[in-house]
Every structure is written in C-alpha cells, then in structure tokens.
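A.B. asks: Before anything else, here's the structure in question.
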Amino acid sequence: MNKKRTAEKFGRFAEALAAWSLRLKGYRIIARGFRSRVGEIDIIARRGGRLIYVEVKARHNIADAAESVRPRQAARIIRAAGAFLQTRADLGGLDQRFDVILVSPWRWPVHLVDAWRPEF
C-alpha cells in the first residue's frame, strides 16, 4: 500500500473515531465531509442550541496534529460554515463554535473546544 492511500485510510479512521467520541459526549452528528466550493468541514455536530464545526487532524503524535491547524485553513472552514448554513436555514438561529479534534495512534482523541473564533 502506498503512503498516500495509507494516509487517506488513517484520515478516514480518524474522522470516524472523532465522530464516535463526539456521540459519546452527547453530540448529534449533522453532517460528515461537507464540501462546498469555498471549503470543507470534516464534521458538523449539534449539542443543545449550538452548532459545532469540527476539523479533525490526524498525525503520528498529538503535538504534530495540533500544529497542523493553520489560520488560512480556519478561514476556509469559516467560509464553508457559511455555505453549509445556506443549505440548512433551519440551523441558522443556533450559536456556532469551531472545534478541533486531534487524533494519533493508540490515544483517545483530544477535543479542543472553541479552537478559534471568526473575526468579523
């Protein structure tokens, strides 16, 4: 198996693990792998009156995963969140939050709540 395919497989596994960890915390998964022309969101979840956009980062250690979230990527996710809300007007009244879940082998995912805030 080549490196790219292995990385893609690890990424899909990381996203599934992140989704399950959120479910166990009482979040309801609204969408996974949302794509628009302005960006992509790995997981969109809801908990109570809050809509949470989650970026999943999988690396061989948690420190590398944490460092891999860049401001430019955060801006793309914020734009994608706007695109998502255009498709789901029923969720527009909810508070919004941007989280990151870090995944590395043989560790439970690390959930960074409110990892960044949009600057308007």
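By convention in this document, the chains of the structure tokens carry letters A, B, ... by their order, each chain's residues are numbered from 1, and ligands are numbered from 1 in the order they are shown.
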Applying 12 Å and only C-alpha atoms, which residues near segment 21-27 of chain A remain after dropping the ones on its own chain fewer than 6 positions away? List them as a list of chain:residue names.
C.D. replies: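 After dropping sequence-adjacent residues, the list is A:Ala14, A:Glu15, A:Ile43, A:Ile44, A:Ala45, A:Arg46, A:Arg47, A:Gly48, A:Gly49, A:Arg50, A:Leu51, A:Ile52, A:Tyr53, A:Val54, A:Val56, A:Asp99, A:Val100, A:Ile101, A:Leu102, A:Val103, A:Arg107, A:Trp108, A:Pro109, A:Val110, A:His111, A:Leu112, A:Val113.
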A.B. asks: Set the distance at 12 Å and use only C-alpha atoms: which residues neighbour Ala7 of chain A once local chain neighbours fewer than 4 positions away are removed? I'd like the list as a list of chain:residue names.
C.D. replies: A:Met1, A:Asn2, A:Lys3, A:Gly11, A:Arg12, A:Phe13, A:Ala14, A:Lys57, A:Ala58, A:Arg59, A:His60
A.B. asks: Apply DSSP to the structure's backbone, then extract all residues of segment 1-109 of chain A labelled strand (DSSP E) and return them as a count of residues only.
C.D. replies: 36
A.B. asks: Which is closer to Arg35 of chain A than all the others in A:Pro71, A:Gly93, A:Pro118, A:Gly82, using only C-alpha atoms?
C.D. replies: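 Looking only at the distances to Arg35 of chain A, the closest residue turns out to be A:Gly82.
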A.B. asks: Could you tell me how far atom CA of Val38 of chain A lies from atom CA of Ala80 of chain A, in Å and to one decimal?
C.D. replies: 5.6 Å
A.B. asks: One decimal, in Å: what's the spacing between atom CA of Ala63 of chain A and atom CA of Ser104 of chain A?
C.D. replies: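 Atom-to-atom, atom CA of Ala63 of chain A to atom CA of Ser104 of chain A, that is 9.4 Å.
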A.B. asks: Would you mind telling me which residue in A:Asp64, A:Asp42, A:Phe34, A:Glu119 lies nearest to Thr87 of chain A when using only C-alpha atoms?
C.D. replies: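 Comparing A:Asp64, A:Asp42, A:Phe34, A:Glu119 against Thr87 of chain A, the winner is A:Phe34.
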A.B. asks: As a PDB file with C-alpha atoms, in the first residue's frame, list the residues of chain A assigned to alpha helix (DSSP H) by DSSP on the backbone atoms of this structure.
C.D. replies:
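Contents of part-v8.pdb, as written:
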```pdb
ATOM      1  CA  LYS A   3       1.853   6.289   1.516  1.00  0.00           C
ATOM      2  CA  LYS A   4      -0.973   8.400   0.107  1.00  0.00           C
ATOM      3  CA  ARG A   5      -3.502   5.590   0.392  1.00  0.00           C
ATOM      4  CA  THR A   6      -2.318   4.785   3.920  1.00  0.00           C
ATOM      5  CA  ALA A   7      -2.677   8.454   4.922  1.00  0.00           C
ATOM      6  CA  GLU A   8      -6.185   8.634   3.425  1.00  0.00           C
ATOM      7  CA  LYS A   9      -7.205   5.481   5.279  1.00  0.00           C
ATOM      8  CA  PHE A  10      -5.795   6.847   8.564  1.00  0.00           C
ATOM      9  CA  GLY A  11      -7.666  10.126   7.956  1.00  0.00           C
ATOM     10  CA  ARG A  12     -10.995   8.350   7.384  1.00  0.00           C
ATOM     11  CA  PHE A  13     -10.422   6.263  10.511  1.00  0.00           C
ATOM     12  CA  ALA A  14      -9.580   9.424  12.495  1.00  0.00           C
ATOM     13  CA  GLU A  15     -12.784  11.132  11.350  1.00  0.00           C
ATOM     14  CA  ALA A  16     -14.890   8.094  12.286  1.00  0.00           C
ATOM     15  CA  LEU A  17     -13.207   7.904  15.703  1.00  0.00           C
ATOM     16  CA  ALA A  18     -13.737  11.644  16.234  1.00  0.00           C
ATOM     17  CA  ALA A  19     -17.426  11.314  15.324  1.00  0.00           C
ATOM     18  CA  TRP A  20     -17.878   8.468  17.801  1.00  0.00           C
ATOM     19  CA  SER A  21     -16.098  10.384  20.548  1.00  0.00           C
ATOM     20  CA  LEU A  22     -18.488  13.287  19.969  1.00  0.00           C
ATOM     21  CA  ARG A  23     -21.519  10.980  20.043  1.00  0.00           C
ATOM     22  CA  LEU A  24     -20.348   9.562  23.365  1.00  0.00           C
ATOM     23  CA  ILE A  62      -0.724  14.937  19.172  1.00  0.00           C
ATOM     24  CA  ALA A  63       1.781  17.821  19.030  1.00  0.00           C
ATOM     25  CA  ASP A  64       2.131  17.493  15.243  1.00  0.00           C
ATOM     26  CA  ALA A  65      -1.639  17.299  14.901  1.00  0.00           C
ATOM     27  CA  ALA A  66      -2.101  20.468  16.964  1.00  0.00           C
ATOM     28  CA  GLU A  67       0.467  22.363  14.908  1.00  0.00           C
ATOM     29  CA  PRO A  71      -5.091  30.270  10.108  1.00  0.00           C
ATOM     30  CA  ARG A  72      -5.683  30.011   6.355  1.00  0.00           C
ATOM     31  CA  GLN A  73      -7.373  26.646   6.845  1.00  0.00           C
ATOM     32  CA  ALA A  74      -9.501  28.050   9.672  1.00  0.00           C
ATOM     33  CA  ALA A  75     -10.655  30.839   7.328  1.00  0.00           C
ATOM     34  CA  ARG A  76     -11.678  28.245   4.712  1.00  0.00           C
ATOM     35  CA  ILE A  77     -13.656  26.323   7.324  1.00  0.00           C
ATOM     36  CA  ILE A  78     -15.419  29.526   8.407  1.00  0.00           C
ATOM     37  CA  ARG A  79     -16.394  30.219   4.772  1.00  0.00           C
ATOM     38  CA  ALA A  80     -17.575  26.613   4.396  1.00  0.00           C
ATOM     39  CA  ALA A  81     -19.696  27.030   7.544  1.00  0.00           C
ATOM     40  CA  GLY A  82     -21.454  29.933   5.842  1.00  0.00           C
ATOM     41  CA  ALA A  83     -22.049  27.792   2.776  1.00  0.00           C
ATOM     42  CA  PHE A  84     -23.437  24.995   4.954  1.00  0.00           C
ATOM     43  CA  LEU A  85     -25.896  27.360   6.647  1.00  0.00           C
ATOM     44  CA  GLN A  86     -27.174  28.416   3.235  1.00  0.00           C
ATOM     45  CA  THR A  87     -28.198  24.798   2.678  1.00  0.00           C
TER      46      THR A  87
END
```
A.B. asks: To one decimal in Å, tell me the separation between atom CA of Arg28 of chain A and atom CA of Trp106 of chain A.
C.D. replies: 24.8 Å
